[in-house]
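Participant: File data-v6.cif follows (mmCIF, C-alpha atoms and all ligand atoms):
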```cif
data_upload
loop_
_atom_site.label_atom_id
_atom_site.label_comp_id
_atom_site.auth_asym_id
_atom_site.auth_seq_id
_atom_site.Cartn_x
_atom_site.Cartn_y
_atom_site.Cartn_z
CA MET A 1 -17.67 3.27 3.22
CA VAL A 2 -15.72 5.37 0.71
CA GLU A 3 -16.35 7.78 -2.14
CA GLY A 4 -14.84 7.89 -5.61
CA GLU A 5 -14.31 6.46 -9.07
CA ASP A 6 -11.31 4.38 -8.08
CA PRO A 7 -11.60 0.80 -9.44
CA GLY A 8 -10.61 -0.53 -6.03
CA VAL A 9 -13.43 1.48 -4.48
CA GLN A 10 -15.85 0.07 -7.04
CA LEU A 11 -14.74 -3.49 -6.28
CA ALA A 12 -15.26 -2.87 -2.58
CA GLY A 13 -18.92 -2.14 -3.15
CA GLY A 14 -18.77 1.32 -4.71
CA PRO A 15 -19.49 4.69 -3.12
CA ALA A 16 -21.55 4.21 -0.02
CA GLU A 17 -22.35 5.67 3.35
CA PRO A 18 -19.11 6.84 4.98
CA HIS A 19 -18.59 4.52 7.88
CA ALA A 20 -15.76 3.06 9.94
CA PRO A 21 -12.86 2.58 7.54
CA GLY A 22 -9.35 1.68 8.67
CA GLY A 23 -6.03 2.00 6.88
CA VAL A 24 -2.75 0.32 7.68
CA GLY A 25 0.59 1.54 6.34
CA GLU A 26 -1.21 4.41 4.64
CA GLN A 27 0.11 7.89 3.94
CA PRO A 28 -3.00 9.48 2.47
CA GLU A 29 -1.24 12.44 0.94
CA HIS A 30 0.32 10.01 -1.54
CA ARG A 31 -2.92 8.78 -3.00
CA ARG A 32 -6.29 7.36 -2.17
CA GLY A 33 -7.78 10.63 -1.07
CA ASP A 34 -11.08 8.81 -1.53
CA VAL A 35 -10.34 6.67 1.48
CA ALA A 36 -9.28 9.63 3.56
CA ARG A 37 -12.59 11.42 2.89
CA VAL A 38 -14.44 9.28 5.35
CA ARG A 39 -15.76 9.52 8.84
CA GLY A 40 -15.26 7.66 12.02
CA GLY A 41 -12.20 5.67 10.98
CA ALA A 42 -8.60 5.19 11.99
CA GLY A 43 -5.29 4.96 10.16
CA VAL A 44 -2.14 3.25 11.35
CA GLU A 45 1.26 4.31 10.04
CA VAL A 46 4.76 4.18 11.41
CA ASP A 47 5.73 7.56 9.89
CA GLY A 48 3.86 9.64 12.43
CA PRO A 49 4.17 13.32 11.49
CA LEU A 50 3.45 12.78 7.80
CA HIS A 51 0.46 10.69 8.56
CA ARG A 52 -0.95 13.01 11.17
CA ARG A 53 -0.72 16.04 8.89
CA ALA A 54 -2.24 14.25 5.93
CA PHE A 55 -5.18 12.85 7.82
CA ALA A 56 -5.78 16.16 9.54
CA GLN A 57 -6.10 17.76 6.09
CA ALA A 58 -7.98 14.98 4.33
CA GLY A 59 -10.33 13.79 7.01
CA ASP A 60 -11.41 17.08 8.57
CA GLY A 61 -10.20 15.75 11.89
CA GLU A 62 -12.73 12.93 11.77
CA VAL A 63 -10.18 10.25 11.02
CA ARG A 64 -8.03 9.20 13.93
CA PRO A 65 -4.35 8.72 13.08
CA VAL A 66 -2.55 6.09 15.10
CA VAL A 67 1.23 6.08 15.09
CA GLY A 68 2.41 2.55 15.60
CA ASP A 69 2.98 -0.92 14.32
CA MET A 70 0.06 -2.33 12.37
CA ALA A 71 0.83 -5.72 13.92
CA GLN A 72 0.01 -4.26 17.32
CA SER A 73 -2.35 -1.41 16.49
CA GLY A 74 -4.49 -1.75 19.59
CA LEU A 75 -7.53 -1.12 17.38
CA PRO A 76 -10.65 -2.93 18.58
CA SER A 77 -11.43 -6.18 16.85
CA GLN A 78 -14.45 -6.48 14.54
CA SER A 79 -14.86 -2.70 14.47
CA PHE A 80 -14.28 -1.76 10.79
CA ASP A 81 -16.36 -2.05 7.65
CA LEU A 82 -13.33 -1.52 5.42
CA VAL A 83 -9.59 -1.91 5.83
CA TRP A 84 -7.53 -0.35 3.03
CA SER A 85 -3.79 -0.82 2.73
CA GLU A 86 -1.56 -0.23 -0.28
CA GLY A 87 1.90 -1.72 -0.52
CA ALA A 88 2.27 -2.07 3.23
CA LEU A 89 0.87 -5.39 4.46
CA TYR A 90 3.93 -7.29 3.23
CA ASN A 91 5.99 -5.56 5.92
CA ILE A 92 4.58 -7.90 8.55
CA GLY A 93 4.15 -10.90 6.26
CA ILE A 94 1.10 -11.07 4.02
CA GLU A 95 -0.53 -14.05 5.77
CA ASN A 96 -0.02 -12.54 9.21
CA ALA A 97 -1.39 -9.21 7.94
CA LEU A 98 -4.46 -10.79 6.38
CA ARG A 99 -5.28 -12.62 9.62
CA LEU A 100 -4.90 -9.34 11.48
CA CYS A 101 -7.15 -7.47 9.04
CA HIS A 102 -9.71 -10.26 9.26
CA GLY A 103 -9.81 -9.70 13.01
CA LEU A 104 -10.34 -5.93 12.61
CA LEU A 105 -13.26 -6.28 10.22
CA ARG A 106 -16.85 -6.76 11.12
CA PRO A 107 -18.48 -9.77 9.45
CA GLY A 108 -19.26 -8.67 5.89
CA GLY A 109 -16.48 -6.06 5.96
CA TYR A 110 -14.07 -5.53 3.07
CA LEU A 111 -10.30 -5.62 2.83
CA ALA A 112 -8.76 -3.67 -0.07
CA PHE A 113 -5.01 -4.04 -0.45
CA THR A 114 -2.20 -4.08 -2.96
CA ASP A 115 0.66 -6.52 -2.94
CA ALA A 116 3.67 -6.72 -5.23
CA VAL A 117 3.71 -9.96 -7.23
CA TRP A 118 5.93 -11.72 -9.76
CA ARG A 119 4.49 -11.73 -13.27
CA ARG A 120 7.19 -13.75 -15.00
CA GLU A 121 9.73 -16.45 -14.16
CA ASN A 122 13.49 -16.01 -14.34
CA ALA A 123 13.76 -12.37 -13.38
CA PRO A 124 17.08 -10.73 -14.28
CA PRO A 125 19.64 -10.76 -11.43
CA GLU A 126 19.21 -7.04 -10.62
CA VAL A 127 15.44 -7.45 -10.22
CA LYS A 128 15.85 -10.60 -8.16
CA ALA A 129 18.44 -8.92 -5.94
CA SER A 130 16.23 -5.87 -5.41
CA PHE A 131 13.20 -7.90 -4.30
CA ASP A 132 15.37 -10.30 -2.27
CA LEU A 133 16.24 -7.24 -0.20
CA ASP A 134 12.82 -5.65 0.02
CA TYR A 135 10.32 -8.50 -0.27
CA PRO A 136 12.04 -11.90 -0.32
CA THR A 137 8.78 -13.83 0.11
CA MET A 138 7.01 -12.08 -2.76
CA GLY A 139 4.73 -14.54 -4.56
CA LYS A 140 2.58 -14.70 -7.67
CA ILE A 141 -1.12 -13.85 -7.92
CA PRO A 142 -2.23 -17.47 -7.19
CA ASP A 143 -0.13 -17.43 -4.01
CA VAL A 144 -1.94 -14.35 -2.72
CA LEU A 145 -5.31 -15.78 -3.74
CA ALA A 146 -4.50 -18.94 -1.77
CA THR A 147 -3.55 -16.82 1.26
CA ILE A 148 -6.82 -14.87 0.98
CA ASP A 149 -8.67 -18.16 1.03
CA ARG A 150 -6.59 -19.63 3.86
CA THR A 151 -7.14 -16.61 6.10
CA GLY A 152 -10.93 -16.87 5.94
CA PHE A 153 -11.72 -14.22 3.31
CA SER A 154 -13.74 -14.62 0.15
CA LEU A 155 -12.30 -12.94 -2.92
CA VAL A 156 -14.34 -10.13 -4.46
CA GLY A 157 -11.94 -9.35 -7.29
CA HIS A 158 -8.46 -8.28 -8.28
CA PHE A 159 -6.68 -6.35 -11.02
CA THR A 160 -3.16 -5.30 -11.90
CA LEU A 161 -2.35 -1.66 -11.27
CA PRO A 162 -1.45 0.08 -14.54
CA ASP A 163 2.11 1.21 -15.05
CA GLU A 164 1.05 4.86 -14.59
CA ALA A 165 0.49 4.02 -10.95
CA TRP A 166 4.27 3.62 -10.61
CA TRP A 167 5.15 6.71 -12.63
CA ASP A 168 2.57 9.48 -12.15
CA ASP A 169 2.83 9.99 -8.41
CA PHE A 170 6.06 8.20 -7.63
CA TYR A 171 8.89 7.61 -10.10
CA THR A 172 8.36 10.70 -12.29
CA PRO A 173 8.48 13.18 -9.37
CA MET A 174 11.26 11.08 -7.82
CA GLU A 175 13.41 11.33 -10.95
CA GLN A 176 12.73 15.08 -11.16
CA ARG A 177 13.79 15.52 -7.55
CA ILE A 178 16.91 13.41 -8.10
CA ALA A 179 17.85 15.64 -11.05
CA GLU A 180 17.38 18.78 -8.92
CA LEU A 181 19.47 17.34 -6.12
CA ARG A 182 22.21 16.22 -8.52
CA ALA A 183 22.52 19.82 -9.70
CA LYS A 184 22.44 21.18 -6.16
CA HIS A 185 25.06 18.75 -4.83
CA ALA A 186 27.20 18.52 -7.96
CA ALA A 187 30.39 18.96 -5.91
CA ASP A 188 29.51 16.38 -3.26
CA ALA A 189 30.64 12.91 -4.33
CA GLU A 190 28.95 11.19 -1.40
CA ALA A 191 25.58 12.81 -2.12
CA LEU A 192 25.90 11.97 -5.81
CA ALA A 193 26.60 8.33 -4.95
CA VAL A 194 23.44 8.19 -2.83
CA LEU A 195 21.42 9.78 -5.64
CA ASP A 196 22.86 7.29 -8.14
CA ARG A 197 21.72 4.43 -5.92
CA LEU A 198 18.21 5.90 -5.60
CA ALA A 199 18.00 6.43 -9.36
CA GLN A 200 18.49 2.70 -9.94
CA GLU A 201 14.97 1.80 -8.85
CA PRO A 202 12.99 3.75 -11.48
CA GLU A 203 15.63 2.77 -14.03
CA MET A 204 15.14 -0.90 -13.16
CA HIS A 205 11.39 -0.45 -13.45
CA ARG A 206 11.78 1.17 -16.88
CA ARG A 207 13.72 -1.87 -18.10
CA HIS A 208 12.03 -4.75 -16.31
CA SER A 209 8.50 -3.81 -15.25
CA ASP A 210 7.11 -6.82 -17.09
CA TYR A 211 8.58 -9.08 -14.38
CA TYR A 212 6.63 -7.64 -11.43
CA ALA A 213 3.58 -5.54 -10.63
CA TYR A 214 1.31 -4.38 -7.92
CA GLU A 215 -1.90 -6.39 -7.80
CA PHE A 216 -4.96 -4.79 -6.19
CA PHE A 217 -7.11 -7.28 -4.27
CA VAL A 218 -10.51 -6.85 -2.66
CA ALA A 219 -11.65 -9.54 -0.26
CA ARG A 220 -14.56 -9.84 2.12
CA ARG A 221 -14.93 -11.27 5.57
CA PRO A 222 -17.96 -13.54 5.22
CA THR A 223 -21.08 -12.51 7.11
C1 LIG B 1 5.69 1.06 0.28
S1 LIG B 1 5.09 2.18 1.51
C2 LIG B 1 3.44 2.42 0.97
C3 LIG B 1 2.91 3.71 1.51
C4 LIG B 1 1.49 4.11 1.04
N1 LIG B 1 0.51 3.14 1.47
C5 LIG B 1 1.47 4.26 -0.45
O1 LIG B 1 0.82 3.44 -1.14
O2 LIG B 1 2.09 5.19 -0.96
C6 LIG B 1 4.92 1.11 2.91
C7 LIG B 1 4.44 1.84 4.14
O3 LIG B 1 4.24 0.91 5.19
C8 LIG B 1 4.59 1.54 6.40
N2 LIG B 1 4.89 0.48 7.36
C9 LIG B 1 5.91 -0.40 7.35
N3 LIG B 1 5.83 -1.25 8.37
C10 LIG B 1 4.73 -0.88 9.09
C11 LIG B 1 4.13 -1.36 10.29
N4 LIG B 1 4.66 -2.41 10.93
N5 LIG B 1 3.02 -0.74 10.73
C12 LIG B 1 2.46 0.32 10.07
N6 LIG B 1 2.98 0.81 8.91
C13 LIG B 1 4.10 0.22 8.44
C14 LIG B 1 5.82 2.35 6.01
O4 LIG B 1 6.06 3.38 6.92
C15 LIG B 1 5.43 2.87 4.65
O5 LIG B 1 4.77 4.11 4.75
#
```
When written as structure tokens, how does the structure in this file appear?
Ligand SMILES: C[S@@+](CC[C@H](N)C(=O)[O-])C[C@H]1O[C@@H](n2cnc3c(N)ncnc32)[C@H](O)[C@@H]1O

Facilitator:
Amino acid sequence: MVEGEDPGVQLAGGPAEPHAPGGVGEQPEHRRGDVARVRGGAGVEVDGPLHRRAFAQAGDGEVRPVVGDMAQSGLPSQSFDLVWSEGALYNIGIENALRLCHGLLRPGGYLAFTDAVWRRENAPPEVKASFDLDYPTMGKIPDVLATIDRTGFSLVGHFTLPDEAWWDDFYTPMEQRIAELRAKHAADAEALAVLDRLAQEPEMHRRHSDYYAYEFFVARRPT
């Protein structure tokens, strides 16, 4: 299945024989190198060139990148032992995505995915507005658990990703890059306005991260 110390990997049965993993909406250069170090799998991602390069590096050419829509991946049904997808399933609706992943997995196969969830009621207007744009149907943990159940999976476990997961590989380098670009384009009002808009997201997270989080779920297609 996959190698590594990652808590998601441990929930999905721990390091095991590399065999038939699939990823949807995955750009493996971002994270989860553990999943990329596998054999005989496939990854589906709409951002083709990035994905192709990353898998070529991480999977020694043994992982097959597929550029396309995860909703119509063309991957054979019941052909994967593990489907891994971080922060991407919501793009096609979480229930729809879970049904699709269920169909890709062999009986007994695992689905490991993250989904953004509300952690508190009455989010401030800026947080509400941001998620209304990006993920208007975002639910709470019990909503996702109910969807896991409804789509024929049994839950293995779940945990909330720590705040470092937002900062270490994402917002910290993003803010550094924004600072560099602000200096480079200091005379370009249009560029500065774009950078100001981009800077709002980490800033919002700094102020209001207690209202939302990424939850990591591992579920299993019953044998
Ligand atoms: C929030 S990003 C997460 C990327 C990566 N999994 C990570 O954790 O860094 C969502 C990803 O889903 C991909 N995506 C969106 N809709 C998709 C679709 N219909 N099929 C495949 N990938 C999709 C996007 O291109 C993007 O890379």

Participant: Would you work out the distance separating atom CA of A:Ser85 from atom CA of A:Lys140, expressed in Å to one decimal?

Facilitator: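 Taking atom CA of A:Ser85 and atom CA of A:Lys140, their separation equals 18.5 Å.
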
Participant: Expressed in Å to a single decimal, how great is the separation between atom CA of A:Val83 and atom CA of A:Tyr211?

Facilitator: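 These two atoms are separated by 28.1 Å.
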
Participant: I'd like to know which of A:Asn91, A:Thr172, A:Gln78, A:Ser154 is closest to ligand LIG 1 (chain B), using all atoms listed in the file.

Facilitator: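 Smallest separation from ligand LIG 1 (chain B) among the options: A:Asn91.
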
Participant: Could you check the closest approach to A:Phe131 for each of A:Leu100, A:Ser79, A:Trp118, A:Arg206 and tell me which residue wins, using only C-alpha atoms?

Facilitator: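 Of all the options, A:Trp118 lies closest to A:Phe131.
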
Participant: Which residue gives the smallest distance to ligand LIG 1 (chain B) among A:Asp81, A:Glu95, A:Asp163, A:Asp169, with only C-alpha atoms and all ligand atoms counted?

Facilitator: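 Counting only C-alpha atoms and all ligand atoms, the residue closest to ligand LIG 1 (chain B) is A:Asp169.
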
Participant: So how far away is atom CA of A:Asp134 from atom CA of A:His102, in Å?

Facilitator: 24.8 Å

Participant: Between A:Ile94, A:Phe216, A:Arg99, A:Met70, single out the one closest to A:Phe153, counting all atoms listed in the file.

Facilitator: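 Comparing A:Ile94, A:Phe216, A:Arg99, A:Met70 against A:Phe153, the winner is A:Arg99.
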
Participant: Can you work out which one of A:Tyr212, A:Phe159, A:Tyr90, A:Trp167 has the shortest atom-to-atom distance to ligand LIG 1 (chain B), counting only C-alpha atoms and all ligand atoms?

Facilitator: A:Tyr90

Participant: May I ask which of the residues A:Val127, A:Ala187, A:Leu133, A:Val144 is the closest one to A:Gln200, counting only C-alpha atoms?

Facilitator: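 For A:Gln200, the nearest of the given residues is A:Val127.
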
Participant: Within 10 Å of A:Glu126, counting only C-alpha atoms, which residues qualify if same-chain residues fewer than 6 places away don't, as a list in words?

Facilitator: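 Once the nearby chain positions are removed, what remains is Asp132, Gln200, Glu201, Met204 and His208 of chain A.
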
Participant: Counting only C-alpha atoms, which residues come within 10 Å of (-15.9, -9.9, 6.5), with the point read in the file's coordinates, and could you list them as a list in words?

Facilitator: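 Protein and nucleic acid residues near the point are Gln78, Phe80, Asp81, Leu82, Cys101, His102, Gly103, Leu104, Leu105, Arg106, Pro107, Gly108, Gly109, Tyr110, Leu111, Gly152, Phe153, Ser154, Ala219, Arg220, Arg221, Pro222 and Thr223 of chain A.
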
Participant: Any idea what's packed within 12 Å of A:Ala179, counting all atoms listed in the file, ignoring anything in its chain fewer than 3 positions away? Could you give it as a VMD selection string?

Facilitator: chain A and resid 172 to 176 182 to 186 192 195 to 196 198 to 199

Participant: Keeping only C-alpha atoms, write the selected residues as a PDB file, in the frame of the given file.

Facilitator:
```
ATOM      1  CA  THR A 172       8.360  10.700 -12.290  1.00  0.00           C
ATOM      2  CA  PRO A 173       8.480  13.180  -9.370  1.00  0.00           C
ATOM      3  CA  MET A 174      11.260  11.080  -7.820  1.00  0.00           C
ATOM      4  CA  GLU A 175      13.410  11.330 -10.950  1.00  0.00           C
ATOM      5  CA  GLN A 176      12.730  15.080 -11.160  1.00  0.00           C
ATOM      6  CA  ARG A 182      22.210  16.220  -8.520  1.00  0.00           C
ATOM      7  CA  ALA A 183      22.520  19.820  -9.700  1.00  0.00           C
ATOM      8  CA  LYS A 184      22.440  21.180  -6.160  1.00  0.00           C
ATOM      9  CA  HIS A 185      25.060  18.750  -4.830  1.00  0.00           C
ATOM     10  CA  ALA A 186      27.200  18.520  -7.960  1.00  0.00           C
ATOM     11  CA  LEU A 192      25.900  11.970  -5.810  1.00  0.00           C
ATOM     12  CA  LEU A 195      21.420   9.780  -5.640  1.00  0.00           C
ATOM     13  CA  ASP A 196      22.860   7.290  -8.140  1.00  0.00           C
ATOM     14  CA  LEU A 198      18.210   5.900  -5.600  1.00  0.00           C
ATOM     15  CA  ALA A 199      18.000   6.430  -9.360  1.00  0.00           C
TER      16      ALA A 199
END
```

Participant: Could you pull stretch 142-161 of chain A out of the structure I just pasted and write it to a file containing N, CA and C atoms, as a compact mmCIF listing (two decimals), in the first residue's frame?

Facilitator:
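Listed below is the output, part-v4.txt:
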```txt
# COMPACT_ATOMS: atom_id res chain seq x y z
N PRO A 142 -19.63 15.50 11.77
CA PRO A 142 -20.72 14.49 11.73
C PRO A 142 -21.37 14.40 10.35
N ASP A 143 -21.38 15.50 9.60
CA ASP A 143 -21.95 15.45 8.24
C ASP A 143 -21.11 14.54 7.35
N VAL A 144 -19.80 14.66 7.45
CA VAL A 144 -18.93 13.82 6.61
C VAL A 144 -19.03 12.36 7.06
N LEU A 145 -19.10 12.16 8.37
CA LEU A 145 -19.22 10.78 8.86
C LEU A 145 -20.51 10.14 8.35
N ALA A 146 -21.58 10.94 8.31
CA ALA A 146 -22.86 10.41 7.80
C ALA A 146 -22.73 10.08 6.31
N THR A 147 -22.00 10.91 5.58
CA THR A 147 -21.81 10.66 4.14
C THR A 147 -20.97 9.39 3.92
N ILE A 148 -19.95 9.21 4.75
CA ILE A 148 -19.13 8.00 4.66
C ILE A 148 -20.02 6.77 4.84
N ASP A 149 -20.90 6.85 5.81
CA ASP A 149 -21.79 5.73 6.10
C ASP A 149 -22.78 5.50 4.93
N ARG A 150 -23.34 6.61 4.46
CA ARG A 150 -24.36 6.54 3.40
C ARG A 150 -23.79 5.98 2.09
N THR A 151 -22.50 6.20 1.87
CA THR A 151 -21.92 5.79 0.59
C THR A 151 -21.31 4.39 0.66
N GLY A 152 -21.58 3.67 1.75
CA GLY A 152 -21.21 2.26 1.81
C GLY A 152 -19.84 1.98 2.39
N PHE A 153 -19.21 3.00 3.00
CA PHE A 153 -17.90 2.78 3.63
C PHE A 153 -18.08 2.50 5.12
N SER A 154 -17.07 1.86 5.71
CA SER A 154 -17.03 1.84 7.17
C SER A 154 -15.85 2.72 7.60
N LEU A 155 -16.08 3.50 8.63
CA LEU A 155 -15.06 4.43 9.10
C LEU A 155 -13.95 3.68 9.81
N VAL A 156 -12.70 4.02 9.48
CA VAL A 156 -11.55 3.47 10.20
C VAL A 156 -11.12 4.45 11.29
N GLY A 157 -11.09 5.74 10.95
CA GLY A 157 -10.72 6.74 11.93
C GLY A 157 -10.64 8.11 11.28
N HIS A 158 -10.50 9.12 12.14
CA HIS A 158 -10.32 10.48 11.60
C HIS A 158 -9.61 11.34 12.63
N PHE A 159 -8.94 12.37 12.16
CA PHE A 159 -8.27 13.32 13.06
C PHE A 159 -8.17 14.67 12.36
N THR A 160 -8.03 15.70 13.17
CA THR A 160 -7.92 17.05 12.62
C THR A 160 -6.46 17.34 12.28
N LEU A 161 -6.21 17.83 11.08
CA LEU A 161 -4.84 18.18 10.72
C LEU A 161 -4.37 19.33 11.60
```
